[in-house]
Amino acid sequence: MTLSADSSSRTAQDAAPNPAPNPPDDAPHLLVVDDDRRIRALLSRFLRAEGYRVSTAETAQDARAKLEGLKFDLLILDVMMPGESGFDFARTLRASSAVPILMLTARDEKESRIMGLEIGADDYLAKPFEPRELSLRVARPPSASPPDSVRFGQFVFHVARGELRRGDEVIRLTDREREMLRILTASPGETVPRQALAGNGGAVSERTVDVQVNRLRRKIERDPSNPLIVQTVRGIGYRLVPAT
């Protein structure tokens, strides 16, 4: 039995056939964010039967409000939502939180999976999927927490604060430069597609991203015309080379 956007109430009953007692107060607390009411109900029923506490949100705005008042152990986040997409929400959330994110989407293209992971999602599951696969992914031990800071060249970038330092000197960053550094330092040494660095849901042009990267290079490279820290991966994007 698979779970998808077309799942019926019968599917939900099959996925979690036996009503479960209320999970204990110390059970992991999950937040399911999906604009489809049927999916929210189905996942809530199934995950509660697995022993988790579950809250739900219909939109990114609703999820953000719940995150302000409650602590969650995992976000199960749909990508295709009206208004602020799952990608946009995850990108914004990663600027201030390391809560694990499992992204759900009906899109299974390689580029979408890469974009979600580069933004900071911890895992990616395409609809339709088997309930058991979701259960195994949710139950996996969390990956190591991201570092508080990343060192490259003479610089240290403090991720949570969005602060770039060279020794005792604080380097002034624009909001876009700060966001790009957060994305690049989330996967040091790995290639980040230009679309993931675009901001605003990837609406800006690749040329604009290149201009913004060049401005950032002027602040961190000894020779911006021959960059050693933020390197170009031709035809794809950029990668940040951390200190070894």
# chains A, B, ... in the order shown; residues from 1 in each chain; ligands from 1

call {"tool": "residues_around", "arguments": {"residues": "Leu181 (chain A)", "least_positions_apart": "5", "cutoff": "12 Å", "atoms": "only C-alpha atoms", "output": "number ranges by chain"}}
result
A: 94-95, 118-119, 149-152, 155-164, 173-176, 186-188, 192, 196-197, 212-213, 216-217, 220, 229-230, 238-242

call {"tool": "select_by_dssp", "arguments": {"residues": "region 5-195 of chain A", "states": "strand (DSSP E or B)", "output": "PyMOL selection string"}}
result
chain A and resi 29-33+53-57+74-78+101-105+123-126+129+149-152+155-158+163-166+169-171+192-193

call {"tool": "atom_distance", "arguments": {"atom1": "CA of Asp210 (chain A)", "atom2": "CA of Pro224 (chain A)"}}
result
12.6 Å

call {"tool": "closest_residue", "arguments": {"among": "A:Arg234, A:Arg91, A:Arg182, A:Arg48", "to": "Asp148 (chain A)", "atoms": "only C-alpha atoms"}}
result
A:Arg182

call {"tool": "atom_distance", "arguments": {"atom1": "CA of Leu93 (chain A)", "atom2": "CA of Met81 (chain A)"}}
result
15.8 Å

call {"tool": "residues_around", "arguments": {"residues": "Met103 (chain A)", "least_positions_apart": "5", "cutoff": "7 Å", "atoms": "only C-alpha atoms", "output": "ChimeraX atom specification"}}
result
/A:76-79,121,123-125

call {"tool": "closest_residue", "arguments": {"among": "A:Leu47, A:Ala126, A:Ala90, A:Ala139", "to": "Ala60 (chain A)", "atoms": "only C-alpha atoms"}}
result
A:Ala90
